[in-house]
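Single-structure report; data block below.
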Amino acid sequence: MQTFILQAEYLDRLIQAIRADGYQVLGPTLAERAIVYDEIRSADDLPRGWTDEQEKGYYRVKRREDDAYFGYAAGPHSWKKFLQLPRRPVWRAQKSIHPMQITAVVEEAPAMAFLGVRSCELHAIATQDRVFVDGRYQNDSYAERRGKLFIVAVNCTSAAATCFCTSMNTGPKVTLPNDLEMTEVIDGENHYFLLCSGSGKGERILRQLPLKRAGKRHREAERDSIQQAVKQMLEGPRSFDSSDLKELLYRNYESPAWDQVADRCLSCANCTMACPTCFCSTVEDTTDLSGEHAQRWERWDSCFTADFSYITGGPVRPDTRSRYRQWMTHKLATWYDQFGTSGCVGCGRCIAWCPVGIDITEEVQRIREAEKP
Amino acid sequence: MGNATPVPKLAVWKFASCDGCQLSLLDCEDELLQLADKIDIAYFMEASSRQLEGPYDLSLVEGSITTAEDEERIREVRAQSHTLITIGACATAGGIQALRNFSDVKDFTSIVYAHPEYIATLKTSTPISAHVPVDFELQGCPINKRQLLEVISAFLHRRPPQVPPHSVCIECKLKGNVCVMVAHGTPCMGPVTHAGCGALCPSYNRGCYACYGPKENPNTASLSHWWKEEMEVQPVTIVENLRNFNAAAPAFAEESRRHDKE
């Protein structure tokens with residue numbers, strides 16, 4: 001695969017080329033004091049010169065010392081909001097027509113291009129693909145949107161304190177399929193992107209850009225930049241060995257650590273909503289006052305709510321201890337049996353966006369320690 | 001429902017309250033006509049002086065119990081009602097007037113009224129459920145009119161209402177809101193508060209102040225601990241947030257008492 005150089009001043013050409021190909025470009029932008037994912041109409045919409053500082057229950061945007069476009073880590077949004085819609089109508093029914101008529105709500109899926117997908121996020125999308133596309137039961141809305149997707153992946157060159165993709169083997173170097181792969185390099189006055197295509201669609205975009213062939217020093221700069229993110233994580237507080245997580249959690253259904261975390265957990269569901277792989281949804285059936293019209297909606301749900309495990313007589317998991325245990329054991333252990341991988345990609349969103357700073361990596365550690373004689 | 005079936009009779013009752021929740025029903029405007037088609041509004045003093053005798057198929061009860069007379073009256077309402085649904089923070093948690101539960105009500109009446117001896121009131125303001133069995137509680141100050149219509153539709157068509165008791169956080173996340181607590185450092189009651197408002201305040205970058213009362217399974221102790229230890233929120237702010245319209249809801253009352261002494 002040939003690697004090229006795109007000078008930073010031409011980044012907008014890339015965006016316009018993708019837009020001209022009929023895609024709605026979605027990517028990072030600064031809004032409400034956070035870097036969120038929204039529509040990108042030009043390079044000016046990108047959070048140039050901004051980064052974030054993250055810790056458990058803490059997120060702040062701040063100015064960078066340089067003008068990097070992609071110099072931030074995972075933010076409050078994940079790409080799942082565009083693929084697995086937070087809320088969507090499934091069908092509508094009308095009683096006055098005999099027999100009762102049920103009409104599926106079929107959406108014309110938009111052609112979307114995600115700009116700035118990190119390696120952990122590619123893993124998250126692949127994880128959701130296994131649930132919604134590759135499994136026995138397809139979610140047509142997801143599959144349609146996913147089928148038309150154009151992905152511009154970006155290698156991470158810096159990590160937030162909450163990042164632990166190196167521990168989950170999901171990054172920071174992009175390894176999964178994509179249409180275009182980019183690495184941003186700022187070397188003194190020289191600000192450029194290394195760019196290579198991963199598909200015919202990507203190749204077609206590349207051909208429209210003012211590119212130069214990447215040299216050895218560019219490749220070295222790229223490698224060093226990604227290595228910097230690796231180093232930050234390995235030396236950071238959240239680096240751990242994840243190879244035995246499944247066995248660890250299967251051994252520890254009754255760990256006292258669950259009681260401790262239940263004292264702190266709010267069962268508010270923020271972690272599951274922020275998580276890029278959590279895929280649970282519920283259906284809501286409603287009628288209008290006349291009773292002539294009914295609707296079914298699909299909506300994101302969470303294993304932290306009582307309704308989630310409600311069966312006749314009450315919820316199976318009425319307390320927070322059982323809900324947290326369910327979430328973490330599924331994410332890190334039973335997911336392997338269900339889908340063949342971990343459900344965690346190490347993006348750290350559940351750590352930063354927990355209102356009371358519960359840290360999944362710390363909880364793993366707590367369970368390990370509680371096991372020691 | 002065929003023409004032969006009599007339409008269900010609706011009654012709307014007021015106890016100690018501001019009328020705001022009853023107004024939510026009048027506020028339904030377009031749907032109100034449709035509702036009048038499907039249900040006989042037999043007793044609704046806020047809207048009409050027409051009063052039909054009970055029994056009633058559905059009673060909506062607004063307000064809390066603050067007088068000895070109302071303790072009696074709610075039993076009569078219950079006896080006449082097939083289904084009784086309480087609406088709003090007063091009826092479900094005692095309302096703002098339950099602030100009296102944390103002090104001596106005489107201290108208030110002596111300051112507020114020229115002749116406090118004329119005031120005959122109970123020492124506490126209590127929710128309807130403390131006096132009679134309640135079939136469904138719709139929380140909120142005031143209630144959301146969409147949710148009210150949903151509850152009435154559910155009653156009419158004998159299905160469970162879609163009024164999820166989860167946190168306001170879920171509403172924020174569904175809307176794509178950036179968390180004001182995590183990203184701005186703004187104290188927000190959302191993680192312990194019942195959904196229903198559509199995350200109104202956080203959508204405008206303000207902290208939730210818990211108009212909708214406690215969500216199911218609320219952990220107010222953990223939230224206030226984080227506010228105090230990590231966000232340097234003063235005890236007075238913690239108490240103020242817990243003691244609004246749902247001050248007497250047990251999860252809020254217990255936690256506010258813990259910080260009251262500080």
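Here, A, B, ... name the chains of the structure tokens in the order displayed, residue numbers run from 1 inside each chain, and ligands are numbered from 1 in the same displayed order.
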Which chain A residues are at most 9 Å from chain B (counting only C-alpha atoms), as a PDB file with N, CA and C atoms, in the first residue's frame?
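To be explicit, this is the file written out as out-v1.pdb:
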ATOM      1  N   ALA A  31     -18.043  21.749  20.578  1.00  0.00           N
ATOM      2  CA  ALA A  31     -19.383  22.242  20.926  1.00  0.00           C
ATOM      3  C   ALA A  31     -19.619  21.997  22.405  1.00  0.00           C
ATOM      4  N   GLU A  32     -20.248  22.947  23.062  1.00  0.00           N
ATOM      5  CA  GLU A  32     -20.572  22.810  24.492  1.00  0.00           C
ATOM      6  C   GLU A  32     -19.347  22.397  25.307  1.00  0.00           C
ATOM      7  N   ARG A  33     -18.218  22.983  24.990  1.00  0.00           N
ATOM      8  CA  ARG A  33     -16.971  22.747  25.718  1.00  0.00           C
ATOM      9  C   ARG A  33     -16.554  21.272  25.702  1.00  0.00           C
ATOM     10  N   ALA A  34     -16.767  20.635  24.565  1.00  0.00           N
ATOM     11  CA  ALA A  34     -16.312  19.252  24.383  1.00  0.00           C
ATOM     12  C   ALA A  34     -16.072  19.020  22.896  1.00  0.00           C
ATOM     13  N   VAL A  36     -17.141  16.864  20.113  1.00  0.00           N
ATOM     14  CA  VAL A  36     -18.243  15.946  19.819  1.00  0.00           C
ATOM     15  C   VAL A  36     -18.209  15.572  18.341  1.00  0.00           C
ATOM     16  N   LYS A  56     -11.002  10.274  35.745  1.00  0.00           N
ATOM     17  CA  LYS A  56     -12.287   9.666  36.080  1.00  0.00           C
ATOM     18  C   LYS A  56     -13.296  10.727  36.498  1.00  0.00           C
ATOM     19  N   GLY A  57     -14.460  10.706  35.843  1.00  0.00           N
ATOM     20  CA  GLY A  57     -15.510  11.692  36.116  1.00  0.00           C
ATOM     21  C   GLY A  57     -15.112  13.105  35.739  1.00  0.00           C
ATOM     22  N   TYR A  58     -14.159  13.244  34.828  1.00  0.00           N
ATOM     23  CA  TYR A  58     -13.625  14.580  34.526  1.00  0.00           C
ATOM     24  C   TYR A  58     -13.231  14.692  33.064  1.00  0.00           C
ATOM     25  N   TYR A  59     -13.676  15.772  32.415  1.00  0.00           N
ATOM     26  CA  TYR A  59     -13.328  16.050  31.021  1.00  0.00           C
ATOM     27  C   TYR A  59     -13.295  17.560  30.846  1.00  0.00           C
ATOM     28  N   ARG A  60     -12.177  18.073  30.326  1.00  0.00           N
ATOM     29  CA  ARG A  60     -12.111  19.500  30.007  1.00  0.00           C
ATOM     30  C   ARG A  60     -11.404  19.671  28.673  1.00  0.00           C
ATOM     31  N   VAL A  61     -11.937  20.548  27.828  1.00  0.00           N
ATOM     32  CA  VAL A  61     -11.196  20.875  26.609  1.00  0.00           C
ATOM     33  C   VAL A  61     -10.189  21.956  26.954  1.00  0.00           C
ATOM     34  N   PRO A  76     -17.186  12.665  24.406  1.00  0.00           N
ATOM     35  CA  PRO A  76     -18.467  12.189  24.926  1.00  0.00           C
ATOM     36  C   PRO A  76     -19.276  11.351  23.933  1.00  0.00           C
ATOM     37  N   HIS A  77     -19.116  11.651  22.650  1.00  0.00           N
ATOM     38  CA  HIS A  77     -19.895  10.892  21.658  1.00  0.00           C
ATOM     39  C   HIS A  77     -19.085   9.718  21.131  1.00  0.00           C
ATOM     40  N   LYS A  81     -23.860   6.519  17.605  1.00  0.00           N
ATOM     41  CA  LYS A  81     -25.087   7.326  17.497  1.00  0.00           C
ATOM     42  C   LYS A  81     -25.553   7.502  16.056  1.00  0.00           C
ATOM     43  N   LEU A  85     -29.142   4.118  15.892  1.00  0.00           N
ATOM     44  CA  LEU A  85     -29.744   5.393  16.271  1.00  0.00           C
ATOM     45  C   LEU A  85     -30.279   5.345  17.700  1.00  0.00           C
ATOM     46  N   PRO A  86     -30.095   6.435  18.465  1.00  0.00           N
ATOM     47  CA  PRO A  86     -30.572   6.445  19.857  1.00  0.00           C
ATOM     48  C   PRO A  86     -32.068   6.145  19.965  1.00  0.00           C
ATOM     49  N   ARG A  87     -32.830   6.602  18.985  1.00  0.00           N
ATOM     50  CA  ARG A  87     -34.274   6.389  19.003  1.00  0.00           C
ATOM     51  C   ARG A  87     -34.753   6.382  17.563  1.00  0.00           C
ATOM     52  N   ASP A 263     -21.887   0.639  46.266  1.00  0.00           N
ATOM     53  CA  ASP A 263     -22.055   1.798  47.141  1.00  0.00           C
ATOM     54  C   ASP A 263     -21.843   3.101  46.382  1.00  0.00           C
ATOM     55  N   ARG A 264     -20.993   3.047  45.371  1.00  0.00           N
ATOM     56  CA  ARG A 264     -20.659   4.274  44.631  1.00  0.00           C
ATOM     57  C   ARG A 264     -21.476   4.433  43.349  1.00  0.00           C
ATOM     58  N   CYS A 265     -21.804   3.316  42.718  1.00  0.00           N
ATOM     59  CA  CYS A 265     -22.478   3.369  41.407  1.00  0.00           C
ATOM     60  C   CYS A 265     -23.860   4.002  41.537  1.00  0.00           C
ATOM     61  N   LEU A 266     -24.195   4.896  40.582  1.00  0.00           N
ATOM     62  CA  LEU A 266     -25.474   5.602  40.604  1.00  0.00           C
ATOM     63  C   LEU A 266     -26.543   4.867  39.789  1.00  0.00           C
ATOM     64  N   SER A 267     -26.161   3.795  39.120  1.00  0.00           N
ATOM     65  CA  SER A 267     -27.022   3.107  38.151  1.00  0.00           C
ATOM     66  C   SER A 267     -27.743   4.120  37.238  1.00  0.00           C
ATOM     67  N   CYS A 268     -26.977   5.115  36.827  1.00  0.00           N
ATOM     68  CA  CYS A 268     -27.525   6.184  35.989  1.00  0.00           C
ATOM     69  C   CYS A 268     -27.443   5.845  34.509  1.00  0.00           C
ATOM     70  N   ALA A 269     -26.587   4.845  34.175  1.00  0.00           N
ATOM     71  CA  ALA A 269     -26.443   4.344  32.797  1.00  0.00           C
ATOM     72  C   ALA A 269     -25.535   5.180  31.903  1.00  0.00           C
ATOM     73  N   ASN A 270     -24.868   6.182  32.454  1.00  0.00           N
ATOM     74  CA  ASN A 270     -23.977   6.984  31.613  1.00  0.00           C
ATOM     75  C   ASN A 270     -22.890   6.148  30.942  1.00  0.00           C
ATOM     76  N   MET A 273     -24.255   4.306  27.931  1.00  0.00           N
ATOM     77  CA  MET A 273     -24.633   5.201  26.832  1.00  0.00           C
ATOM     78  C   MET A 273     -23.380   5.730  26.128  1.00  0.00           C
ATOM     79  N   ALA A 274     -22.325   5.994  26.915  1.00  0.00           N
ATOM     80  CA  ALA A 274     -21.085   6.527  26.336  1.00  0.00           C
ATOM     81  C   ALA A 274     -20.272   5.432  25.663  1.00  0.00           C
ATOM     82  N   GLU A 284     -40.489   0.492  22.638  1.00  0.00           N
ATOM     83  CA  GLU A 284     -41.574   1.172  23.338  1.00  0.00           C
ATOM     84  C   GLU A 284     -42.791   1.154  22.429  1.00  0.00           C
ATOM     85  N   ASP A 285     -43.870   0.566  22.909  1.00  0.00           N
ATOM     86  CA  ASP A 285     -45.115   0.540  22.140  1.00  0.00           C
ATOM     87  C   ASP A 285     -46.077   1.557  22.731  1.00  0.00           C
ATOM     88  N   THR A 286     -46.636   2.395  21.880  1.00  0.00           N
ATOM     89  CA  THR A 286     -47.596   3.376  22.376  1.00  0.00           C
ATOM     90  C   THR A 286     -48.819   3.419  21.469  1.00  0.00           C
ATOM     91  N   THR A 287     -49.907   3.904  22.047  1.00  0.00           N
ATOM     92  CA  THR A 287     -51.109   4.182  21.248  1.00  0.00           C
ATOM     93  C   THR A 287     -51.441   5.641  21.443  1.00  0.00           C
ATOM     94  N   ASP A 288     -52.247   6.197  20.551  1.00  0.00           N
ATOM     95  CA  ASP A 288     -52.733   7.547  20.817  1.00  0.00           C
ATOM     96  C   ASP A 288     -54.046   7.449  21.591  1.00  0.00           C
ATOM     97  N   LEU A 289     -54.638   8.607  21.908  1.00  0.00           N
ATOM     98  CA  LEU A 289     -55.856   8.610  22.721  1.00  0.00           C
ATOM     99  C   LEU A 289     -56.991   7.841  22.053  1.00  0.00           C
ATOM    100  N   SER A 290     -57.078   7.955  20.714  1.00  0.00           N
ATOM    101  CA  SER A 290     -58.187   7.315  20.000  1.00  0.00           C
ATOM    102  C   SER A 290     -58.063   5.798  20.006  1.00  0.00           C
ATOM    103  N   GLY A 291     -56.834   5.318  20.160  1.00  0.00           N
ATOM    104  CA  GLY A 291     -56.616   3.876  20.073  1.00  0.00           C
ATOM    105  C   GLY A 291     -56.587   3.393  18.635  1.00  0.00           C
ATOM    106  N   ARG A 299     -35.265   2.160  21.195  1.00  0.00           N
ATOM    107  CA  ARG A 299     -34.505   3.191  21.907  1.00  0.00           C
ATOM    108  C   ARG A 299     -33.360   2.538  22.678  1.00  0.00           C
ATOM    109  N   TRP A 300     -32.221   3.242  22.744  1.00  0.00           N
ATOM    110  CA  TRP A 300     -31.101   2.758  23.551  1.00  0.00           C
ATOM    111  C   TRP A 300     -31.592   2.426  24.955  1.00  0.00           C
ATOM    112  N   ASP A 301     -31.155   1.307  25.451  1.00  0.00           N
ATOM    113  CA  ASP A 301     -31.478   0.960  26.832  1.00  0.00           C
ATOM    114  C   ASP A 301     -30.179   0.570  27.532  1.00  0.00           C
ATOM    115  N   SER A 302     -30.273   0.277  28.795  1.00  0.00           N
ATOM    116  CA  SER A 302     -29.073  -0.013  29.568  1.00  0.00           C
ATOM    117  C   SER A 302     -29.365  -1.070  30.612  1.00  0.00           C
ATOM    118  N   PHE A 304     -28.318  -1.040  33.361  1.00  0.00           N
ATOM    119  CA  PHE A 304     -28.348  -0.381  34.673  1.00  0.00           C
ATOM    120  C   PHE A 304     -29.753   0.077  35.075  1.00  0.00           C
ATOM    121  N   THR A 305     -30.752  -0.130  34.215  1.00  0.00           N
ATOM    122  CA  THR A 305     -32.105   0.289  34.594  1.00  0.00           C
ATOM    123  C   THR A 305     -32.914  -0.909  35.105  1.00  0.00           C
ATOM    124  N   ALA A 306     -33.945  -0.602  35.871  1.00  0.00           N
ATOM    125  CA  ALA A 306     -34.810  -1.662  36.410  1.00  0.00           C
ATOM    126  C   ALA A 306     -35.656  -2.284  35.296  1.00  0.00           C
ATOM    127  N   ASP A 307     -36.127  -1.432  34.390  1.00  0.00           N
ATOM    128  CA  ASP A 307     -36.980  -1.925  33.302  1.00  0.00           C
ATOM    129  C   ASP A 307     -36.256  -2.959  32.439  1.00  0.00           C
ATOM    130  N   PRO A 318     -32.699  -6.180  40.677  1.00  0.00           N
ATOM    131  CA  PRO A 318     -33.296  -5.008  41.316  1.00  0.00           C
ATOM    132  C   PRO A 318     -32.252  -4.065  41.936  1.00  0.00           C
ATOM    133  N   ASP A 319     -31.075  -4.589  42.287  1.00  0.00           N
ATOM    134  CA  ASP A 319     -30.114  -3.720  42.976  1.00  0.00           C
ATOM    135  C   ASP A 319     -28.907  -3.391  42.096  1.00  0.00           C
ATOM    136  N   THR A 320     -28.179  -2.368  42.534  1.00  0.00           N
ATOM    137  CA  THR A 320     -27.058  -1.872  41.744  1.00  0.00           C
ATOM    138  C   THR A 320     -25.929  -2.891  41.669  1.00  0.00           C
ATOM    139  N   ALA A 352     -14.291   8.377  32.084  1.00  0.00           N
ATOM    140  CA  ALA A 352     -14.424   9.837  32.094  1.00  0.00           C
ATOM    141  C   ALA A 352     -15.868  10.273  32.338  1.00  0.00           C
ATOM    142  N   TRP A 353     -16.828   9.559  31.745  1.00  0.00           N
ATOM    143  CA  TRP A 353     -18.217  10.048  31.774  1.00  0.00           C
ATOM    144  C   TRP A 353     -19.038   9.470  32.902  1.00  0.00           C
ATOM    145  N   CYS A 354     -18.424   8.695  33.783  1.00  0.00           N
ATOM    146  CA  CYS A 354     -19.111   8.282  35.017  1.00  0.00           C
ATOM    147  C   CYS A 354     -19.171   9.507  35.915  1.00  0.00           C
ATOM    148  N   PRO A 355     -20.365   9.938  36.322  1.00  0.00           N
ATOM    149  CA  PRO A 355     -20.462  11.165  37.126  1.00  0.00           C
ATOM    150  C   PRO A 355     -19.751  11.052  38.470  1.00  0.00           C
ATOM    151  N   VAL A 356     -19.510   9.824  38.942  1.00  0.00           N
ATOM    152  CA  VAL A 356     -18.804   9.675  40.214  1.00  0.00           C
ATOM    153  C   VAL A 356     -17.485   8.904  40.029  1.00  0.00           C
ATOM    154  N   GLY A 357     -16.967   8.949  38.812  1.00  0.00           N
ATOM    155  CA  GLY A 357     -15.601   8.486  38.570  1.00  0.00           C
ATOM    156  C   GLY A 357     -15.302   7.022  38.837  1.00  0.00           C
TER     157      GLY A 357
END
Please provide as an MDAnalysis selection string all residues within 9 Å of region 10-16 of chain B, with the sequence filter that same-chain residues fewer than 6 positions apart are discarded (counting only C-alpha atoms). chainID B and resid 22 39:46 52 54 56:67 70 74 77 81 90:91 94:95 97 125
If we count only C-alpha atoms and set the cut-off at 9 Å, which residues sit around Ala73 (chain A), ignoring sequence neighbours fewer than 6 positions away in its own chain? Please answer as a VMD selection string. chain A and resid 35 51 to 54 118 156 158 to 160 163 347
Correct to one decimal, the distance CA of Phe4 (chain A)-CA of Met112 (chain A) is 24.1 Å
7 Å contact set for Ala104 (chain A), only C-alpha atoms, chain neighbours under 5 positions out, as a tab-separated table (two decimals) with N, CA and C atoms, in the first residue's frame:
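Writing the result to around34.tsv gives the following:
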chain	number	residue	atom	x	y	z
A	90	VAL	N	-39.99	1.96	14.47
A	90	VAL	CA	-39.83	0.65	13.84
A	90	VAL	C	-41.04	0.35	12.95
A	91	TRP	N	-42.22	0.54	13.51
A	91	TRP	CA	-43.43	0.41	12.68
A	91	TRP	C	-44.56	1.27	13.20
A	92	ARG	N	-45.54	1.47	12.32
A	92	ARG	CA	-46.76	2.20	12.70
A	92	ARG	C	-47.94	1.31	12.35
List the neighbours of Val154 (chain A) out to 9 Å using only C-alpha atoms; skip same-chain residues closer than 6 positions along the sequence, and give me the result as an MDAnalysis selection string. chainID A and resid 70 115:119 173:174 180:184
Report as a PDB file with C-alpha atoms, in the first residue's frame all protein, DNA and RNA residues lying within 8 Å of Gly71 (chain A), evaluated on only C-alpha atoms, omitting residues in the same chain fewer than 3 positions from it.
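File out-v6.pdb, as written:
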ATOM      1  CA  ARG A  48      -7.933  22.610  15.270  1.00  0.00           C
ATOM      2  CA  GLY A  49      -5.585  23.436  18.129  1.00  0.00           C
ATOM      3  CA  TRP A  50      -7.827  21.861  20.776  1.00  0.00           C
ATOM      4  CA  THR A  51      -7.316  18.876  23.007  1.00  0.00           C
ATOM      5  CA  ARG A  64      -2.953  22.818  22.451  1.00  0.00           C
ATOM      6  CA  ALA A  68      -3.229  19.794  15.366  1.00  0.00           C
ATOM      7  CA  THR A 157      -0.483  10.186  18.375  1.00  0.00           C
ATOM      8  CA  SER A 158      -1.411  11.159  21.928  1.00  0.00           C
TER       9      SER A 158
END
Pull the helix (DSSP H, G or I) assignments for region 154-348 of chain A out of DSSP run on the backbone, and list those residues as number ranges by chain. A: 165-168, 200-206, 216-234, 245-251, 257-264, 270-274, 307-309, 320-339
